[in-house]
Amino acid sequence: MKDLRINFERLVRDLEELGTIGQDQKGGISRPSFSLPDLEARQWLKRKIEEAGLVYRQDGAGNIFGRYPGKQPQVVMTGSHLDTVLNGGRYDGSVGVLAGLECLRTISENGVTLNKTLEVVSFTDEEGNLVGDFLGSRAFTGQLLPGQLQTARTQFGHSLEEILQKAGLSTDSVARAAGSRPELSAFLEIHIEQGPVLEEEGVPIGLVSSIAGKRYYQATFVGRAGHAGTTPLELRQDAFIALADFALRATQLVARKYYGNSITIGRVLLKPGSFSIIPGEADFTLDLRSQEAESLKSMEAEVLALAAEVASTRGLTFYHRIVDSTEPVKISEQLLNRLKGWCEELGYEYRLIPSGAGHDAQILSAICPVAMIFIPTVDGLSHTPEEAINLEDLEKATNLLLQALISLASE
């Protein structure tokens with residue numbers, strides 16, 4: 001099977017077709033889960049799966065599967081997600097689903113007999129537009145917390161239950177999704193890098209060595225609002241100044257003591273938010289990431305302690321609540337070594353690369369060995385309308401995936 005190759009022109013056509021679904025007025029793609037564009041994309045994918053002669057199914061979380069049966073029910077799975085951030089790009093997630101579909105389509109057309117079953121999957125709401133990242137893969141692996149969904153409200157103002165009902169699902173069906181999960185022996189995911197490293201080095205394929213864990217916090221400094229013209233600087237309890245002080249010192253702390261880790265304050269809301277009033281409250285998001293579990297735990301504790309110290313020194317109060325968290329994942333060494341070998345057999349240059357972004361593969365690592373294949377992103381841009389790839393890199397990655405799936409399912 002080493003000479004078997006995908007139908008690359010067909011894969012490109014699929015990408016172009018899918019890229020027309022959810023186009024928005026700002027030039028990007030907006031397909032949040034269970035929106036009208038997402039529902040259209042789901043029907044499109046279902047049609048493609050059935051046209052390929054694969055067995056279609058959807059579980060209680062809305063995860064979509066296409067199956068190529070083997071002699072045994074144990075599954076080697078590949079895929080990613082079709083949902084996008086608002087005004088996002090057309091390749092994040094999509095390349096993983098469509099590359100997996102093309103691999104199974106090629107295997108089916110050539111009548112390849114396999115010991116294990118193959119499945120391609122599109123997971124629901126990887127981007128977290130509804131109630132936190134990885135809803136579909138967390139449901140699939142049984143990692144949702146009890147009662148987490150019933151009272152959840154989405155960023156769109158509707159309850160999760162209301163949105164699910166429009167798609168013929170429910171919070172109960174999501175919670176039960178893991179009950180229909182087959183036994184997995186491996187999960188492989190192609191994804192765009194979402195960063196500049198591979199392109200800068202001119203390498204077409206990245207083999208992911210680890211995936212960063214994260215902590216998402218919603219946090220607030222609470223001080224006292226006051227008149228901007230009549231309250232002396234030394235008497236102010238300015239929430240914005242506290243946040244600015246914390247942001248600078250926390251960034252310096254992470255850069256100095258936790259090099260390679262990251263801290264990001266991505267959104268800030270000042271209240272009352274008036275031109276001539278001292279901010280009495282500063283709401284902000286706090287994103288902490290690390291490739292090492294102990295480093296993440298230590299950094300998290302120090303950063304939160306620093307925030308409390310800043311608040312106390314300035315006469316304010318600091319509040320925080322965790323919104324989401326994942327643990328760092330080390331990629332299966334066995335799978336990584338095999339991917340290296342397949343790259344060498346195909347003559348593809350590669351490099352090992354850590355992933356700072358989270359992925360469905362990270363969630364799947366709780367139940368089976370996982371591996372990821374990155375392709376370069378033009379200018380490192382992702383989650384924007386400017387997101388782009390060189391298609392030649394995708395062709396190589398998909399042929400690499402094809403050989404990996406055949407080999408793993410032949411065992």
# chains A, B, ... in the order shown; residues from 1 in each chain; ligands from 1

call {"tool": "select_by_dssp", "arguments": {"residues": "range 26-233 of chain A", "states": "helix (DSSP H, G or I)", "output": "PyMOL selection string"}}
result
chain A and resi 36-51+94-109+135-141+160-166+171-175+177-180+197-201+233

call {"tool": "residues_around", "arguments": {"residues": "Arg215 in chain A", "least_positions_apart": "2", "cutoff": "9 Å", "atoms": "only C-alpha atoms", "output": "list in words"}}
result
Gly213, Tyr217, Leu286, Asp287, Leu288, Arg289, Leu296, Glu300, Ile322, Val323, Asp324, Ser325, Thr326 and Glu327 of chain A

call {"tool": "residues_around", "arguments": {"residues": "Ser382 in chain A", "least_positions_apart": "5", "cutoff": "12 Å", "atoms": "only C-alpha atoms", "output": "short mmCIF file (atom, residue, chain, number, x, y, z; two decimals) with C-alpha atoms, in the first residue's frame"}}
result
data_model
loop_
_atom_site.label_atom_id
_atom_site.label_comp_id
_atom_site.auth_asym_id
_atom_site.auth_seq_id
_atom_site.Cartn_x
_atom_site.Cartn_y
_atom_site.Cartn_z
CA GLY A 28 -14.34 35.22 7.08
CA ILE A 29 -16.21 32.05 7.99
CA THR A 84 -15.37 27.92 13.54
CA VAL A 85 -14.90 30.97 15.69
CA ASN A 87 -15.24 35.56 11.50
CA GLY A 88 -12.65 32.80 11.43
CA GLY A 89 -10.73 31.03 8.69
CA ARG A 90 -11.59 28.15 6.37
CA TYR A 91 -8.83 25.69 7.32
CA ASP A 92 -8.77 25.43 11.12
CA GLY A 93 -10.39 22.08 11.86
CA HIS A 191 -4.38 20.46 11.82
CA ILE A 192 -2.92 23.75 10.71
CA GLU A 193 -0.09 24.91 12.97
CA GLN A 194 -1.74 28.26 13.79
CA GLY A 195 1.72 29.73 14.27
CA PRO A 196 4.78 30.75 12.22
CA ALA A 357 -3.17 25.53 21.18
CA PRO A 376 2.33 25.34 8.01
CA THR A 377 0.02 28.34 8.26
CA GLU A 387 -5.97 32.20 7.44
CA ALA A 388 -4.25 30.34 4.58
CA ILE A 389 -2.16 27.26 3.77
#

call {"tool": "residues_around", "arguments": {"residues": "Ile6 in chain A", "least_positions_apart": "2", "cutoff": "12 Å", "atoms": "only C-alpha atoms", "output": "VMD selection string"}}
result
chain A and resid 1 to 4 8 to 12 98 to 110 394 to 403

call {"tool": "atom_distance", "arguments": {"atom1": "CA of Ala52 in chain A", "atom2": "CA of Pro204 in chain A"}}
result
28.3 Å

call {"tool": "residues_around", "arguments": {"residues": "range 309-312 of chain A", "least_positions_apart": "4", "cutoff": "8 Å", "atoms": "only C-alpha atoms", "output": "list of chain:residue names"}}
result
A:Phe221, A:Ala242, A:Asp245, A:Phe246, A:Ala305, A:Leu316, A:Thr317, A:Phe318

call {"tool": "write_last_selection", "arguments": {"atoms": "N, CA and C atoms", "output": "PDB file, in the first residue's frame"}}
result
ATOM      1  N   PHE A 221     -10.743  42.913  39.353  1.00  0.00           N
ATOM      2  CA  PHE A 221     -10.255  43.792  40.409  1.00  0.00           C
ATOM      3  C   PHE A 221     -11.386  44.759  40.753  1.00  0.00           C
ATOM      4  N   ALA A 242      -4.626  48.846  38.892  1.00  0.00           N
ATOM      5  CA  ALA A 242      -4.296  47.550  39.487  1.00  0.00           C
ATOM      6  C   ALA A 242      -4.129  46.486  38.410  1.00  0.00           C
ATOM      7  N   ASP A 245      -0.862  47.136  36.483  1.00  0.00           N
ATOM      8  CA  ASP A 245       0.273  46.724  37.312  1.00  0.00           C
ATOM      9  C   ASP A 245       0.401  45.201  37.308  1.00  0.00           C
ATOM     10  N   PHE A 246      -0.713  44.515  37.523  1.00  0.00           N
ATOM     11  CA  PHE A 246      -0.708  43.049  37.525  1.00  0.00           C
ATOM     12  C   PHE A 246      -0.285  42.487  36.176  1.00  0.00           C
ATOM     13  N   ALA A 305      -1.545  34.454  43.163  1.00  0.00           N
ATOM     14  CA  ALA A 305      -1.046  35.084  44.385  1.00  0.00           C
ATOM     15  C   ALA A 305      -0.577  36.511  44.109  1.00  0.00           C
ATOM     16  N   LEU A 316      -7.633  47.179  46.964  1.00  0.00           N
ATOM     17  CA  LEU A 316      -8.711  46.621  46.163  1.00  0.00           C
ATOM     18  C   LEU A 316      -8.967  45.175  46.569  1.00  0.00           C
ATOM     19  N   THR A 317      -9.948  44.572  45.939  1.00  0.00           N
ATOM     20  CA  THR A 317     -10.246  43.160  46.138  1.00  0.00           C
ATOM     21  C   THR A 317     -10.117  42.437  44.804  1.00  0.00           C
ATOM     22  N   PHE A 318      -9.584  41.244  44.859  1.00  0.00           N
ATOM     23  CA  PHE A 318      -9.419  40.440  43.651  1.00  0.00           C
ATOM     24  C   PHE A 318     -10.322  39.217  43.716  1.00  0.00           C
TER      25      PHE A 318
END

call {"tool": "residues_around", "arguments": {"residues": "Ser185 in chain A", "least_positions_apart": "6", "cutoff": "7 Å", "atoms": "only C-alpha atoms", "output": "NGL selection string"}}
result
:A and (74-76 or 368-369)

call {"tool": "write_last_selection", "arguments": {"atoms": "C-alpha atoms", "output": "PDB file, in the first residue's frame"}}
result
ATOM      1  CA  GLN A  74     -11.815  -1.836  17.328  1.00  0.00           C
ATOM      2  CA  VAL A  75     -11.435   1.590  15.712  1.00  0.00           C
ATOM      3  CA  VAL A  76      -8.563   3.697  14.421  1.00  0.00           C
ATOM      4  CA  CYS A 368      -6.334   6.068  23.578  1.00  0.00           C
ATOM      5  CA  PRO A 369      -2.902   6.939  22.147  1.00  0.00           C
TER       6      PRO A 369
END

call {"tool": "closest_residue", "arguments": {"among": "A:Phe284, A:Tyr56, A:Phe123, A:Phe34", "to": "Thr78 in chain A", "atoms": "only C-alpha atoms"}}
result
A:Phe123

call {"tool": "residues_around", "arguments": {"residues": "Ser295 in chain A", "least_positions_apart": "6", "cutoff": "10 Å", "atoms": "only C-alpha atoms", "output": "VMD selection string"}}
result
chain A and resid 257 to 258 261 289 301

call {"tool": "write_last_selection", "arguments": {"atoms": "N, CA and C atoms", "output": "short mmCIF file (atom, residue, chain, number, x, y, z; two decimals), in the first residue's frame"}}
result
data_model
loop_
_atom_site.label_atom_id
_atom_site.label_comp_id
_atom_site.auth_asym_id
_atom_site.auth_seq_id
_atom_site.Cartn_x
_atom_site.Cartn_y
_atom_site.Cartn_z
N LYS A 257 10.56 33.37 35.02
CA LYS A 257 10.61 32.13 35.80
C LYS A 257 10.03 30.93 35.07
N TYR A 258 9.14 31.19 34.11
CA TYR A 258 8.46 30.09 33.42
C TYR A 258 8.63 30.24 31.91
N ASN A 261 6.35 29.08 28.80
CA ASN A 261 4.93 29.11 29.14
C ASN A 261 4.33 30.44 28.66
N ARG A 289 -0.91 28.94 30.02
CA ARG A 289 -0.65 27.69 29.29
C ARG A 289 0.76 27.19 29.53
N ALA A 301 -0.50 29.12 40.52
CA ALA A 301 -0.53 29.54 41.92
C ALA A 301 0.19 30.88 42.10
#

call {"tool": "closest_residue", "arguments": {"among": "A:Cys343, A:Val97, A:Leu86, A:Val203", "to": "Lys48 in chain A", "atoms": "only C-alpha atoms"}}
result
A:Val97

call {"tool": "closest_residue", "arguments": {"among": "A:Ile278, A:Met372, A:Ala409, A:Ile205", "to": "Thr113 in chain A", "atoms": "only C-alpha atoms"}}
result
A:Ala409

call {"tool": "decode", "arguments": {"residues": "range 244-268 of chain A", "atoms": "N, CA and C atoms", "output": "CSV table (one decimal), in the first residue's frame"}}
result
chain,number,residue,atom,x,y,z
A,244,ALA,N,-3.4,47.0,35.2
A,244,ALA,CA,-2.2,47.3,34.4
A,244,ALA,C,-0.9,46.8,35.2
A,245,ASP,N,-0.9,47.1,36.5
A,245,ASP,CA,0.3,46.7,37.3
A,245,ASP,C,0.4,45.2,37.3
A,246,PHE,N,-0.7,44.5,37.5
A,246,PHE,CA,-0.7,43.0,37.5
A,246,PHE,C,-0.3,42.5,36.2
A,247,ALA,N,-0.8,43.0,35.1
A,247,ALA,CA,-0.5,42.5,33.8
A,247,ALA,C,1.0,42.6,33.5
A,248,LEU,N,1.6,43.7,33.8
A,248,LEU,CA,3.0,43.9,33.5
A,248,LEU,C,3.8,42.9,34.4
A,249,ARG,N,3.5,42.9,35.7
A,249,ARG,CA,4.3,42.1,36.6
A,249,ARG,C,4.1,40.6,36.4
A,250,ALA,N,2.9,40.2,36.1
A,250,ALA,CA,2.7,38.8,35.8
A,250,ALA,C,3.4,38.3,34.5
A,251,THR,N,3.4,39.2,33.5
A,251,THR,CA,4.1,38.8,32.3
A,251,THR,C,5.6,38.7,32.5
A,252,GLN,N,6.1,39.6,33.3
A,252,GLN,CA,7.5,39.6,33.6
A,252,GLN,C,7.8,38.3,34.4
A,253,LEU,N,7.0,37.9,35.4
A,253,LEU,CA,7.1,36.7,36.2
A,253,LEU,C,7.2,35.5,35.3
A,254,VAL,N,6.2,35.4,34.4
A,254,VAL,CA,6.2,34.2,33.5
A,254,VAL,C,7.4,34.2,32.6
A,255,ALA,N,7.7,35.3,32.0
A,255,ALA,CA,8.9,35.3,31.1
A,255,ALA,C,10.2,35.0,31.8
A,256,ARG,N,10.3,35.4,33.1
A,256,ARG,CA,11.6,35.2,33.8
A,256,ARG,C,11.6,33.8,34.4
A,257,LYS,N,10.6,33.4,35.0
A,257,LYS,CA,10.6,32.1,35.8
A,257,LYS,C,10.0,30.9,35.1
A,258,TYR,N,9.1,31.2,34.1
A,258,TYR,CA,8.5,30.1,33.4
A,258,TYR,C,8.6,30.2,31.9
A,259,TYR,N,9.8,30.4,31.5
A,259,TYR,CA,10.1,30.6,30.1
A,259,TYR,C,9.6,29.4,29.2
A,260,GLY,N,8.9,29.8,28.2
A,260,GLY,CA,8.2,28.8,27.3
A,260,GLY,C,6.8,28.6,27.6
A,261,ASN,N,6.3,29.1,28.8
A,261,ASN,CA,4.9,29.1,29.1
A,261,ASN,C,4.3,30.4,28.7
A,262,SER,N,3.0,30.6,28.8
A,262,SER,CA,2.4,31.8,28.3
A,262,SER,C,1.3,32.3,29.2
A,263,ILE,N,1.1,33.6,29.2
A,263,ILE,CA,0.1,34.3,29.9
A,263,ILE,C,-0.6,35.3,29.0
A,264,THR,N,-1.9,35.4,29.0
A,264,THR,CA,-2.6,36.3,28.1
A,264,THR,C,-3.8,36.9,28.8
A,265,ILE,N,-3.9,38.2,28.7
A,265,ILE,CA,-5.2,38.8,29.1
A,265,ILE,C,-5.8,39.3,27.8
A,266,GLY,N,-6.9,38.6,27.4
A,266,GLY,CA,-7.4,38.8,26.1
A,266,GLY,C,-8.6,39.7,26.0
A,267,ARG,N,-9.3,39.9,27.1
A,267,ARG,CA,-10.4,40.8,27.1
A,267,ARG,C,-10.5,41.6,28.4
A,268,VAL,N,-10.8,42.9,28.3
A,268,VAL,CA,-10.9,43.7,29.5
A,268,VAL,C,-12.2,44.6,29.4
